[in-house]
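The data block below is input_34.txt; it holds compact mmCIF, C-alpha atoms.
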# COMPACT_ATOMS: atom_id res chain seq x y z
CA MET A 1 120.20 171.99 133.54
CA ILE A 2 121.00 168.77 135.42
CA ARG A 3 123.33 169.31 138.30
CA LYS A 4 126.11 166.87 138.96
CA LEU A 5 126.40 165.72 142.55
CA LEU A 6 129.68 164.42 143.91
CA PRO A 7 129.77 162.16 146.98
CA VAL A 8 131.15 163.64 150.20
CA ASP A 9 133.77 161.37 151.75
CA GLY A 10 132.60 159.90 155.05
CA TYR A 11 129.05 161.29 154.71
CA PRO A 12 126.87 158.94 152.66
CA ASP A 13 123.76 161.11 153.09
CA PHE A 14 125.37 164.20 151.54
CA ALA A 15 126.69 165.22 148.14
CA ARG A 16 128.34 168.35 146.79
CA ASP A 17 126.82 170.22 143.88
CA GLU A 18 129.70 170.43 141.40
CA ARG A 19 128.56 173.78 139.97
CA THR A 20 127.85 175.70 143.20
CA GLY A 21 129.92 173.75 145.73
CA MET A 22 126.88 173.55 147.99
CA ILE A 23 126.41 170.45 150.18
CA VAL A 24 122.98 168.86 149.77
CA ASN A 25 121.19 166.12 151.67
CA ILE A 26 120.46 163.27 149.28
CA ASN A 27 118.75 161.03 151.84
CA LYS A 28 115.12 162.06 151.30
CA SER A 29 113.66 160.09 154.24
CA LYS A 30 116.18 161.49 156.75
CA HIS A 31 115.66 164.98 155.37
CA LYS A 32 111.90 164.61 155.81
CA GLN A 33 112.40 163.40 159.39
CA GLN A 34 114.63 166.38 160.15
CA MET A 35 112.09 168.83 158.72
CA GLU A 36 109.30 167.23 160.78
CA MET A 37 111.46 167.46 163.90
CA ILE A 38 112.14 171.15 163.22
CA GLU A 39 108.39 171.79 162.85
CA ARG A 40 107.71 170.00 166.17
CA ILE A 41 110.37 172.12 167.87
CA LYS A 42 108.83 175.31 166.46
CA LYS A 43 105.38 174.29 167.70
CA ASP A 44 106.80 173.39 171.12
CA LYS A 45 108.49 176.80 171.37
CA GLU A 46 105.24 178.55 170.42
CA GLU A 47 103.39 176.56 173.08
CA ILE A 48 106.00 177.47 175.71
CA VAL A 49 105.66 181.17 174.86
CA SER A 50 101.87 180.86 175.14
CA LEU A 51 102.11 179.06 178.49
CA LYS A 52 104.51 181.69 179.85
CA SER A 53 102.03 184.39 178.88
CA GLU A 54 99.16 182.53 180.57
CA VAL A 55 101.20 182.03 183.75
CA HIS A 56 102.07 185.73 183.75
CA ASN A 57 98.37 186.62 183.44
CA ILE A 58 97.44 184.22 186.26
CA LYS A 59 100.13 185.73 188.51
CA ASN A 60 98.79 189.22 187.81
CA LEU A 61 95.24 188.12 188.64
CA LEU A 62 96.38 186.46 191.86
CA SER A 63 98.29 189.58 192.86
CA LYS A 64 95.18 191.70 192.27
CA LEU A 65 93.05 189.29 194.32
CA LEU A 66 95.51 189.35 197.20
CA GLU A 67 95.75 193.12 197.02
CA ASN A 68 91.95 193.45 197.15
CA ASP A 69 91.74 190.98 200.04
CA THR A 70 94.27 192.90 202.14
CA ASN A 71 92.62 196.25 201.38
CA GLY A 72 89.09 195.03 202.00

Can I see the file as structure tokens?
Amino acid sequence: MIRKLLPVDGYPDFARDERTGMIVNINKSKHKQQMEMIERIKKDKEEIVSLKSEVHNIKNLLSKLLENDTNG
């Protein structure tokens, strides 16, 4: 079934699916750019989580070294 898309006033990149009422992005290049940006953000967040974990491990190692130095 072919869906009929109606333009959304004031938003040239969007249209409304007449059957479902859902708003869809009809600008394929902008949509692709947005999806790529979302993927970059996800990767950046994963890298931040990894870096936080590494910093936490380094802090623990430093604490152990300092503790051994003061006890030795």

Contact table region 22-55 of chain A vs region 60-70 of chain A, cut-off 12 Å, shortest pair per residue, all atoms listed in the file, as JSON lines:
{"residue": "A:Ser53", "atom": "CA", "partner": "A:Asn60", "partner_atom": "CA", "distance": 10.7}
{"residue": "A:Glu54", "atom": "CA", "partner": "A:Asn60", "partner_atom": "CA", "distance": 9.9}
{"residue": "A:Val55", "atom": "CA", "partner": "A:Asn60", "partner_atom": "CA", "distance": 8.6}

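Nearest-residue note for Leu5 (chain A): choosing from A:Met35, A:Val24, A:Ile58, A:Leu51, the minimum distance belongs to A:Val24, counting only C-alpha atoms.
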
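CA of Ile38 (chain A) sits 21.9 Å away from CA of Pro12 (chain A).
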
**OP:** May I ask which of the residues A:Ile2, A:Val8, A:Val49, A:Met37 is the closest one to Gly21 (chain A), counting all atoms listed in the file?
**Re:**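 Selected residue with least distance to Gly21 (chain A): A:Val8.
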
Subject >> Neighbour list for Asn27 (chain A) as a PyMOL selection string, cut-off 12 Å, all atoms listed in the file, skip fewer than 2 positions in-chain >> reply: chain A and resi 11-15+24-25+29-34

Output C-alpha atoms for every residue in the selection just made, as a CSV table (one decimal), in the frame of the given file.
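Everything below was put into selection_20.csv:
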chain,number,residue,atom,x,y,z
A,11,TYR,CA,129.0,161.3,154.7
A,12,PRO,CA,126.9,158.9,152.7
A,13,ASP,CA,123.8,161.1,153.1
A,14,PHE,CA,125.4,164.2,151.5
A,15,ALA,CA,126.7,165.2,148.1
A,24,VAL,CA,123.0,168.9,149.8
A,25,ASN,CA,121.2,166.1,151.7
A,29,SER,CA,113.7,160.1,154.2
A,30,LYS,CA,116.2,161.5,156.8
A,31,HIS,CA,115.7,165.0,155.4
A,32,LYS,CA,111.9,164.6,155.8
A,33,GLN,CA,112.4,163.4,159.4
A,34,GLN,CA,114.6,166.4,160.2

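Nearest to Lys4 (chain A) of all the residues A:Asn57, A:Ile26, A:Asp44, A:Glu18 is A:Glu18, counting only C-alpha atoms.
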
Original post:
Rounded to one decimal in Å, what is the spacing between CA of Pro7 (chain A) and CA of Lys28 (chain A)?
Top reply: 15.3 Å

Enclosing box along x, y and z for every listed atom of region 29-38 of chain A, padded 4 Å each side, centre and size in Å, one decimal, as lines of an AutoDock Vina configuration file:
center_x = 112.7
center_y = 165.6
center_z = 159.1
size_x = 14.9
size_y = 19.1
size_z = 17.7

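Separating CA of Met22 (chain A) from CA of Glu36 (chain A) is a distance of 22.6 Å.
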
Subject >> Among listed residues A:Arg19, A:Lys52, A:Lys42, A:Lys59, nearest Leu6 (chain A) (using only C-alpha atoms) >> reply: A:Arg19
